[in-house]
Amino acid sequence: MLPQVLLAAGHPGTLDLDTGTRSWVLVGFLAFVVPILFICVLNGPERDRVDDFYTAGRTMRPVQGALVLTGVYLSAATVLGTTGAVAVFGFDGLFIALCTVLSLGVLLLLSGPLRERGTYTLGDTFALRAPGPAVRIAVAVVTLSACVPYLIVQLSGAGRTTAMVVGLSGPGAEQTAIVMIGTLVVCATAFGGMRGMIAIQVIKTVLLLAMAVAVAAVLLHRFHWSADSLIEAAGRGSGRPEGYMRPGLRFAAGSPVEGTLDFIGLMITVVLGVACMPHVATQLNTAPDAAAARRTVRHTIAIVGVICLLTTLLGFGAAALIGAPKILAADPGATSSLLMLTADLTGGSSAQTGEAWLVVLVSCAVFLTTLAVVASVTLAAAGSVAHDLVTSVVRRGRTTEGREVAAARIASASVGVLSICLAVWVQGWNMGFLSTISLAVASSCLLPALVYSLFWRGFMRRGLLWTLYGGLGCTIGLQVLSPVFSGSPMALFPEWDISWFPLQTVALVSLPAAFLFGWLGSVTGQRRAAALPEQPVRG
């Protein structure tokens, strides 16, 4: 689920494919993706029960749960971004792929306590420590702050990729693709719920794994099944063979100290942020118990590890066959490197019908991966709005299951429409700021709050609120003052210059600050409780 925090978003052109191959791609979309969406809707809950809509009845067994969690965890930006990062940055891209797997280790540590205390949303988990509307509102604000920018990035990337595959270019084609994809996601989420998500995530994981294996096999066959030959060719194709397999290319433009700190901050953001994204953490609520949740994460680590290994090979292949300079010239974000590699392996404009099916497979896998992840993020955001805000704060728990499910469906549509509108509006902008802010909020707000809530008995309501709001304010404030927002050619607003904070990643500062806010809030809250006197809220 790693967004385009790795690379700057660009404007890819169109693939070198003939009309027949593009026709096969469109046929593949219609014959494969559309039926899957119908399966998602038909597999939805038969009755308007809250437990079915949010958690599918908590009947997910570890193997099935691992397939679903893999689908939730791995976004199209993870696959495309990791492939591009390896192709362009070599060793740094390998490290990013490793961090994607290591993040599941963090989730494994949290999985047992999260499942024991989780009900439907993260607000339920925190409400056990500190009940009340203030906590629910704070959790909803942080959840939406992490989810909405992530949805914008995913939809924007999906629009570019879809337009490129079908041979269209320009803002109008990309915006049309965004609206189309977003509409499909809204329908799948609103009508399918978690049961519908299970079907689409399992199919997505199997298809993604099959795609990675197929392309990697064709690639290795091209190099006579020699990984050494592939890596040597990748170094030559990178344009920087002497530094390709050495650390430092990702942030080579800045000073060595800032580059090192940015690289460390990026690793911390990925490892800690991905595991605590709301749609990933709440997916554990579908397991029957804590033991099943832990086994689910263990199986997921194996599946994600295999996929990340294969995408690493594909990154080397893109550098070897396409070349990093050509990839960056066509797409400054390098997220189209996998599609460019596939076109090259199939012969490009001279592809035969049999070879064209590899392009169809990759295109469908990327498209379905985007749909699946956007749907899961939309469901998590909608759950926070419907369950934490509408049911728990506005209605104060006085509602029926049918009314809450109806509120969740409306919230799904509302979050989806908002994300579609924002994605259309910012299409063509650099997505680095939005993708960075999503993981930074998760790592600097949700992680400290979860660690304190799950493992510190002295954690109080004031500490929880200070952690959430303090971490959110620190993260957004520093990110706005960073070079990702202004002051650099690849910034969100390159013509502005308010980059007073020198680093592109803020986790090195915002994460310790959030832990400090939580500790100070709890300590002062305990003193106030002793003076009133008032007892700490039970854990």
# chains A, B, ... in the order shown; residues from 1 in each chain; ligands from 1
call {"tool": "closest_atom_pairs", "arguments": {"of": "region 412-480 of chain A", "to": "region 119-138 of chain A", "cutoff": "12 Å", "atoms": "only C-alpha atoms", "output": "JSON lines"}}
result
{"residue": "A:Ala442", "atom": "CA", "partner": "A:Leu122", "partner_atom": "CA", "distance": 11.9}
{"residue": "A:Cys445", "atom": "CA", "partner": "A:Ala138", "partner_atom": "CA", "distance": 10.5}
{"residue": "A:Leu446", "atom": "CA", "partner": "A:Leu122", "partner_atom": "CA", "distance": 9.0}
{"residue": "A:Leu447", "atom": "CA", "partner": "A:Leu122", "partner_atom": "CA", "distance": 11.3}
{"residue": "A:Pro448", "atom": "CA", "partner": "A:Phe126", "partner_atom": "CA", "distance": 11.8}
{"residue": "A:Ala449", "atom": "CA", "partner": "A:Phe126", "partner_atom": "CA", "distance": 8.2}
{"residue": "A:Leu450", "atom": "CA", "partner": "A:Phe126", "partner_atom": "CA", "distance": 7.8}
{"residue": "A:Val451", "atom": "CA", "partner": "A:Phe126", "partner_atom": "CA", "distance": 10.8}
{"residue": "A:Tyr452", "atom": "CA", "partner": "A:Arg129", "partner_atom": "CA", "distance": 9.8}
{"residue": "A:Ser453", "atom": "CA", "partner": "A:Arg129", "partner_atom": "CA", "distance": 6.4}
{"residue": "A:Leu454", "atom": "CA", "partner": "A:Arg129", "partner_atom": "CA", "distance": 8.6}
{"residue": "A:Phe455", "atom": "CA", "partner": "A:Arg129", "partner_atom": "CA", "distance": 10.9}
{"residue": "A:Trp456", "atom": "CA", "partner": "A:Arg129", "partner_atom": "CA", "distance": 10.1}
{"residue": "A:Arg457", "atom": "CA", "partner": "A:Arg129", "partner_atom": "CA", "distance": 8.8}
{"residue": "A:Gly458", "atom": "CA", "partner": "A:Arg129", "partner_atom": "CA", "distance": 9.9}
{"residue": "A:Phe459", "atom": "CA", "partner": "A:Arg129", "partner_atom": "CA", "distance": 7.8}
{"residue": "A:Met460", "atom": "CA", "partner": "A:Ala130", "partner_atom": "CA", "distance": 6.8}
{"residue": "A:Arg461", "atom": "CA", "partner": "A:Ala130", "partner_atom": "CA", "distance": 5.1}
{"residue": "A:Arg462", "atom": "CA", "partner": "A:Ala130", "partner_atom": "CA", "distance": 8.9}
{"residue": "A:Gly463", "atom": "CA", "partner": "A:Ala130", "partner_atom": "CA", "distance": 9.8}
{"residue": "A:Leu464", "atom": "CA", "partner": "A:Val135", "partner_atom": "CA", "distance": 7.7}
{"residue": "A:Leu465", "atom": "CA", "partner": "A:Val135", "partner_atom": "CA", "distance": 6.6}
{"residue": "A:Trp466", "atom": "CA", "partner": "A:Ala138", "partner_atom": "CA", "distance": 9.7}
{"residue": "A:Thr467", "atom": "CA", "partner": "A:Ala138", "partner_atom": "CA", "distance": 9.9}
{"residue": "A:Leu468", "atom": "CA", "partner": "A:Ala138", "partner_atom": "CA", "distance": 6.7}
{"residue": "A:Tyr469", "atom": "CA", "partner": "A:Ala138", "partner_atom": "CA", "distance": 7.0}
{"residue": "A:Gly470", "atom": "CA", "partner": "A:Ala138", "partner_atom": "CA", "distance": 10.7}
{"residue": "A:Gly471", "atom": "CA", "partner": "A:Ala138", "partner_atom": "CA", "distance": 11.4}
{"residue": "A:Leu472", "atom": "CA", "partner": "A:Ala138", "partner_atom": "CA", "distance": 10.0}
call {"tool": "select_by_dssp", "arguments": {"residues": "region 478-537 of chain A", "states": "helix (DSSP H, G or I)", "output": "list in words"}}
result
Leu478, Gln479, Val480, Ala507, Leu508, Val509, Ser510, Leu511, Pro512, Ala513, Ala514, Phe515, Leu516, Phe517, Gly518, Trp519, Leu520, Gly521, Ser522, Val523, Thr524, Gly525, Gln526, Arg527, Arg528, Ala529, Ala530 and Ala531 of chain A
call {"tool": "write_last_selection", "arguments": {"atoms": "N, CA and C atoms", "output": "PDB file, in the first residue's frame"}}
result
ATOM      1  N   LEU A 478       4.621  20.902   9.444  1.00  0.00           N
ATOM      2  CA  LEU A 478       5.968  20.687   8.920  1.00  0.00           C
ATOM      3  C   LEU A 478       5.944  20.320   7.448  1.00  0.00           C
ATOM      4  N   GLN A 479       4.927  19.542   7.043  1.00  0.00           N
ATOM      5  CA  GLN A 479       4.859  19.144   5.637  1.00  0.00           C
ATOM      6  C   GLN A 479       4.596  20.349   4.742  1.00  0.00           C
ATOM      7  N   VAL A 480       3.768  21.286   5.208  1.00  0.00           N
ATOM      8  CA  VAL A 480       3.517  22.514   4.438  1.00  0.00           C
ATOM      9  C   VAL A 480       4.784  23.355   4.320  1.00  0.00           C
ATOM     10  N   ALA A 507       8.696  12.635   9.518  1.00  0.00           N
ATOM     11  CA  ALA A 507       8.486  11.677  10.601  1.00  0.00           C
ATOM     12  C   ALA A 507       9.560  11.752  11.673  1.00  0.00           C
ATOM     13  N   LEU A 508      10.779  12.137  11.320  1.00  0.00           N
ATOM     14  CA  LEU A 508      11.845  12.223  12.312  1.00  0.00           C
ATOM     15  C   LEU A 508      11.535  13.242  13.391  1.00  0.00           C
ATOM     16  N   VAL A 509      10.684  14.215  13.070  1.00  0.00           N
ATOM     17  CA  VAL A 509      10.300  15.235  14.055  1.00  0.00           C
ATOM     18  C   VAL A 509       8.887  14.997  14.569  1.00  0.00           C
ATOM     19  N   SER A 510       7.952  14.744  13.671  1.00  0.00           N
ATOM     20  CA  SER A 510       6.544  14.651  14.070  1.00  0.00           C
ATOM     21  C   SER A 510       6.248  13.411  14.907  1.00  0.00           C
ATOM     22  N   LEU A 511       6.924  12.297  14.641  1.00  0.00           N
ATOM     23  CA  LEU A 511       6.666  11.079  15.403  1.00  0.00           C
ATOM     24  C   LEU A 511       7.096  11.213  16.864  1.00  0.00           C
ATOM     25  N   PRO A 512       8.344  11.644  17.168  1.00  0.00           N
ATOM     26  CA  PRO A 512       8.682  11.869  18.584  1.00  0.00           C
ATOM     27  C   PRO A 512       7.806  12.935  19.237  1.00  0.00           C
ATOM     28  N   ALA A 513       7.433  13.959  18.460  1.00  0.00           N
ATOM     29  CA  ALA A 513       6.580  15.011  19.023  1.00  0.00           C
ATOM     30  C   ALA A 513       5.232  14.446  19.439  1.00  0.00           C
ATOM     31  N   ALA A 514       4.644  13.559  18.630  1.00  0.00           N
ATOM     32  CA  ALA A 514       3.351  12.966  18.981  1.00  0.00           C
ATOM     33  C   ALA A 514       3.456  12.114  20.239  1.00  0.00           C
ATOM     34  N   PHE A 515       4.527  11.327  20.352  1.00  0.00           N
ATOM     35  CA  PHE A 515       4.725  10.552  21.578  1.00  0.00           C
ATOM     36  C   PHE A 515       4.874  11.480  22.789  1.00  0.00           C
ATOM     37  N   LEU A 516       5.587  12.580  22.596  1.00  0.00           N
ATOM     38  CA  LEU A 516       5.767  13.540  23.691  1.00  0.00           C
ATOM     39  C   LEU A 516       4.442  14.182  24.082  1.00  0.00           C
ATOM     40  N   PHE A 517       3.638  14.566  23.107  1.00  0.00           N
ATOM     41  CA  PHE A 517       2.317  15.137  23.399  1.00  0.00           C
ATOM     42  C   PHE A 517       1.467  14.151  24.203  1.00  0.00           C
ATOM     43  N   GLY A 518       1.477  12.889  23.800  1.00  0.00           N
ATOM     44  CA  GLY A 518       0.690  11.898  24.512  1.00  0.00           C
ATOM     45  C   GLY A 518       1.136  11.709  25.944  1.00  0.00           C
ATOM     46  N   TRP A 519       2.457  11.703  26.155  1.00  0.00           N
ATOM     47  CA  TRP A 519       2.975  11.542  27.515  1.00  0.00           C
ATOM     48  C   TRP A 519       2.646  12.748  28.377  1.00  0.00           C
ATOM     49  N   LEU A 520       2.866  13.959  27.831  1.00  0.00           N
ATOM     50  CA  LEU A 520       2.566  15.165  28.599  1.00  0.00           C
ATOM     51  C   LEU A 520       1.078  15.264  28.930  1.00  0.00           C
ATOM     52  N   GLY A 521       0.236  14.956  27.945  1.00  0.00           N
ATOM     53  CA  GLY A 521      -1.200  15.020  28.194  1.00  0.00           C
ATOM     54  C   GLY A 521      -1.645  14.052  29.267  1.00  0.00           C
ATOM     55  N   SER A 522      -1.097  12.853  29.258  1.00  0.00           N
ATOM     56  CA  SER A 522      -1.492  11.855  30.257  1.00  0.00           C
ATOM     57  C   SER A 522      -0.967  12.214  31.635  1.00  0.00           C
ATOM     58  N   VAL A 523       0.278  12.701  31.704  1.00  0.00           N
ATOM     59  CA  VAL A 523       0.855  13.071  33.004  1.00  0.00           C
ATOM     60  C   VAL A 523       0.090  14.231  33.626  1.00  0.00           C
ATOM     61  N   THR A 524      -0.189  15.262  32.826  1.00  0.00           N
ATOM     62  CA  THR A 524      -0.954  16.391  33.369  1.00  0.00           C
ATOM     63  C   THR A 524      -2.388  15.979  33.667  1.00  0.00           C
ATOM     64  N   GLY A 525      -2.924  15.062  32.877  1.00  0.00           N
ATOM     65  CA  GLY A 525      -4.270  14.568  33.157  1.00  0.00           C
ATOM     66  C   GLY A 525      -4.345  13.780  34.443  1.00  0.00           C
ATOM     67  N   GLN A 526      -3.298  13.001  34.734  1.00  0.00           N
ATOM     68  CA  GLN A 526      -3.259  12.246  35.985  1.00  0.00           C
ATOM     69  C   GLN A 526      -3.177  13.176  37.178  1.00  0.00           C
ATOM     70  N   ARG A 527      -2.374  14.231  37.061  1.00  0.00           N
ATOM     71  CA  ARG A 527      -2.269  15.195  38.161  1.00  0.00           C
ATOM     72  C   ARG A 527      -3.598  15.912  38.394  1.00  0.00           C
ATOM     73  N   ARG A 528      -4.255  16.256  37.312  1.00  0.00           N
ATOM     74  CA  ARG A 528      -5.552  16.914  37.453  1.00  0.00           C
ATOM     75  C   ARG A 528      -6.569  15.968  38.063  1.00  0.00           C
ATOM     76  N   ALA A 529      -6.499  14.665  37.648  1.00  0.00           N
ATOM     77  CA  ALA A 529      -7.423  13.681  38.202  1.00  0.00           C
ATOM     78  C   ALA A 529      -7.191  13.491  39.694  1.00  0.00           C
ATOM     79  N   ALA A 530      -5.921  13.512  40.101  1.00  0.00           N
ATOM     80  CA  ALA A 530      -5.618  13.349  41.523  1.00  0.00           C
ATOM     81  C   ALA A 530      -6.073  14.564  42.326  1.00  0.00           C
ATOM     82  N   ALA A 531      -6.047  15.734  41.708  1.00  0.00           N
ATOM     83  CA  ALA A 531      -6.449  16.944  42.422  1.00  0.00           C
ATOM     84  C   ALA A 531      -7.962  17.093  42.510  1.00  0.00           C
TER      85      ALA A 531
END
call {"tool": "residues_around", "arguments": {"residues": "region 286-293 of chain A", "least_positions_apart": "3", "cutoff": "8 Å", "atoms": "only C-alpha atoms", "output": "CSV table (one decimal) with N, CA and C atoms, in the first residue's frame"}}
result
chain,number,residue,atom,x,y,z
A,55,THR,N,-17.5,-6.0,8.9
A,55,THR,CA,-16.6,-7.1,9.2
A,55,THR,C,-16.9,-8.4,8.6
A,56,ALA,N,-17.9,-8.5,7.8
A,56,ALA,CA,-18.3,-9.8,7.1
A,56,ALA,C,-18.6,-10.9,8.1
A,57,GLY,N,-19.1,-10.5,9.3
A,57,GLY,CA,-19.4,-11.5,10.3
A,57,GLY,C,-18.3,-12.1,11.1
A,58,ARG,N,-17.1,-11.6,10.9
A,58,ARG,CA,-15.9,-12.0,11.6
A,58,ARG,C,-15.6,-13.5,11.4
A,59,THR,N,-15.7,-14.0,10.2
A,59,THR,CA,-15.6,-15.5,9.9
A,59,THR,C,-14.4,-15.7,9.1
A,60,MET,N,-13.5,-14.8,8.9
A,60,MET,CA,-12.4,-14.9,8.0
A,60,MET,C,-11.3,-15.9,8.6
A,61,ARG,N,-11.0,-16.9,7.9
A,61,ARG,CA,-9.9,-17.8,8.3
A,61,ARG,C,-8.6,-17.3,7.8
A,62,PRO,N,-7.5,-17.8,8.5
A,62,PRO,CA,-6.2,-17.1,8.2
A,62,PRO,C,-5.7,-17.1,6.8
A,65,GLY,N,-8.0,-14.8,4.9
A,65,GLY,CA,-7.8,-13.5,5.4
A,65,GLY,C,-6.4,-12.9,4.9
A,111,SER,N,-1.3,-6.8,15.9
A,111,SER,CA,-2.5,-7.5,15.5
A,111,SER,C,-3.3,-8.1,16.6
A,112,GLY,N,-2.7,-8.8,17.6
A,112,GLY,CA,-3.4,-9.4,18.6
A,112,GLY,C,-4.2,-8.4,19.5
A,113,PRO,N,-3.5,-7.4,20.1
A,113,PRO,CA,-4.3,-6.4,20.8
A,113,PRO,C,-5.3,-5.6,20.0
A,114,LEU,N,-5.0,-5.3,18.8
A,114,LEU,CA,-6.0,-4.6,17.9
A,114,LEU,C,-7.2,-5.4,17.7
A,115,ARG,N,-7.1,-6.7,17.5
A,115,ARG,CA,-8.3,-7.6,17.3
A,115,ARG,C,-9.1,-7.7,18.6
A,116,GLU,N,-8.4,-7.9,19.7
A,116,GLU,CA,-9.0,-8.0,21.0
A,116,GLU,C,-9.9,-6.8,21.3
A,283,GLN,N,-8.9,-3.9,9.0
A,283,GLN,CA,-9.1,-5.2,8.3
A,283,GLN,C,-9.0,-6.4,9.2
A,296,THR,N,-3.1,-14.6,10.3
A,296,THR,CA,-3.4,-13.9,9.0
A,296,THR,C,-2.3,-13.1,8.6
A,297,VAL,N,-1.7,-12.3,9.6
A,297,VAL,CA,-0.6,-11.4,9.2
A,297,VAL,C,0.6,-12.2,8.8
call {"tool": "closest_residue", "arguments": {"among": "A:Ala87, A:Val385, A:Val41, A:Val484", "to": "Cys187 (chain A)", "atoms": "only C-alpha atoms"}}
result
A:Val41
call {"tool": "closest_residue", "arguments": {"among": "A:Arg395, A:His279, A:Arg409, A:Arg294", "to": "Val377 (chain A)", "atoms": "only C-alpha atoms"}}
result
A:His279
call {"tool": "closest_residue", "arguments": {"among": "A:Val274, A:Val33, A:Cys40, A:Ile178", "to": "Ser435 (chain A)", "atoms": "only C-alpha atoms"}}
result
A:Val274
call {"tool": "closest_residue", "arguments": {"among": "A:Ala411, A:Val179, A:Ala188, A:Ala356", "to": "Val424 (chain A)", "atoms": "only C-alpha atoms"}}
result
A:Val179
call {"tool": "closest_residue", "arguments": {"among": "A:Ala324, A:Ala382, A:Leu144, A:Met180", "to": "Ala163 (chain A)", "atoms": "only C-alpha atoms"}}
result
A:Met180
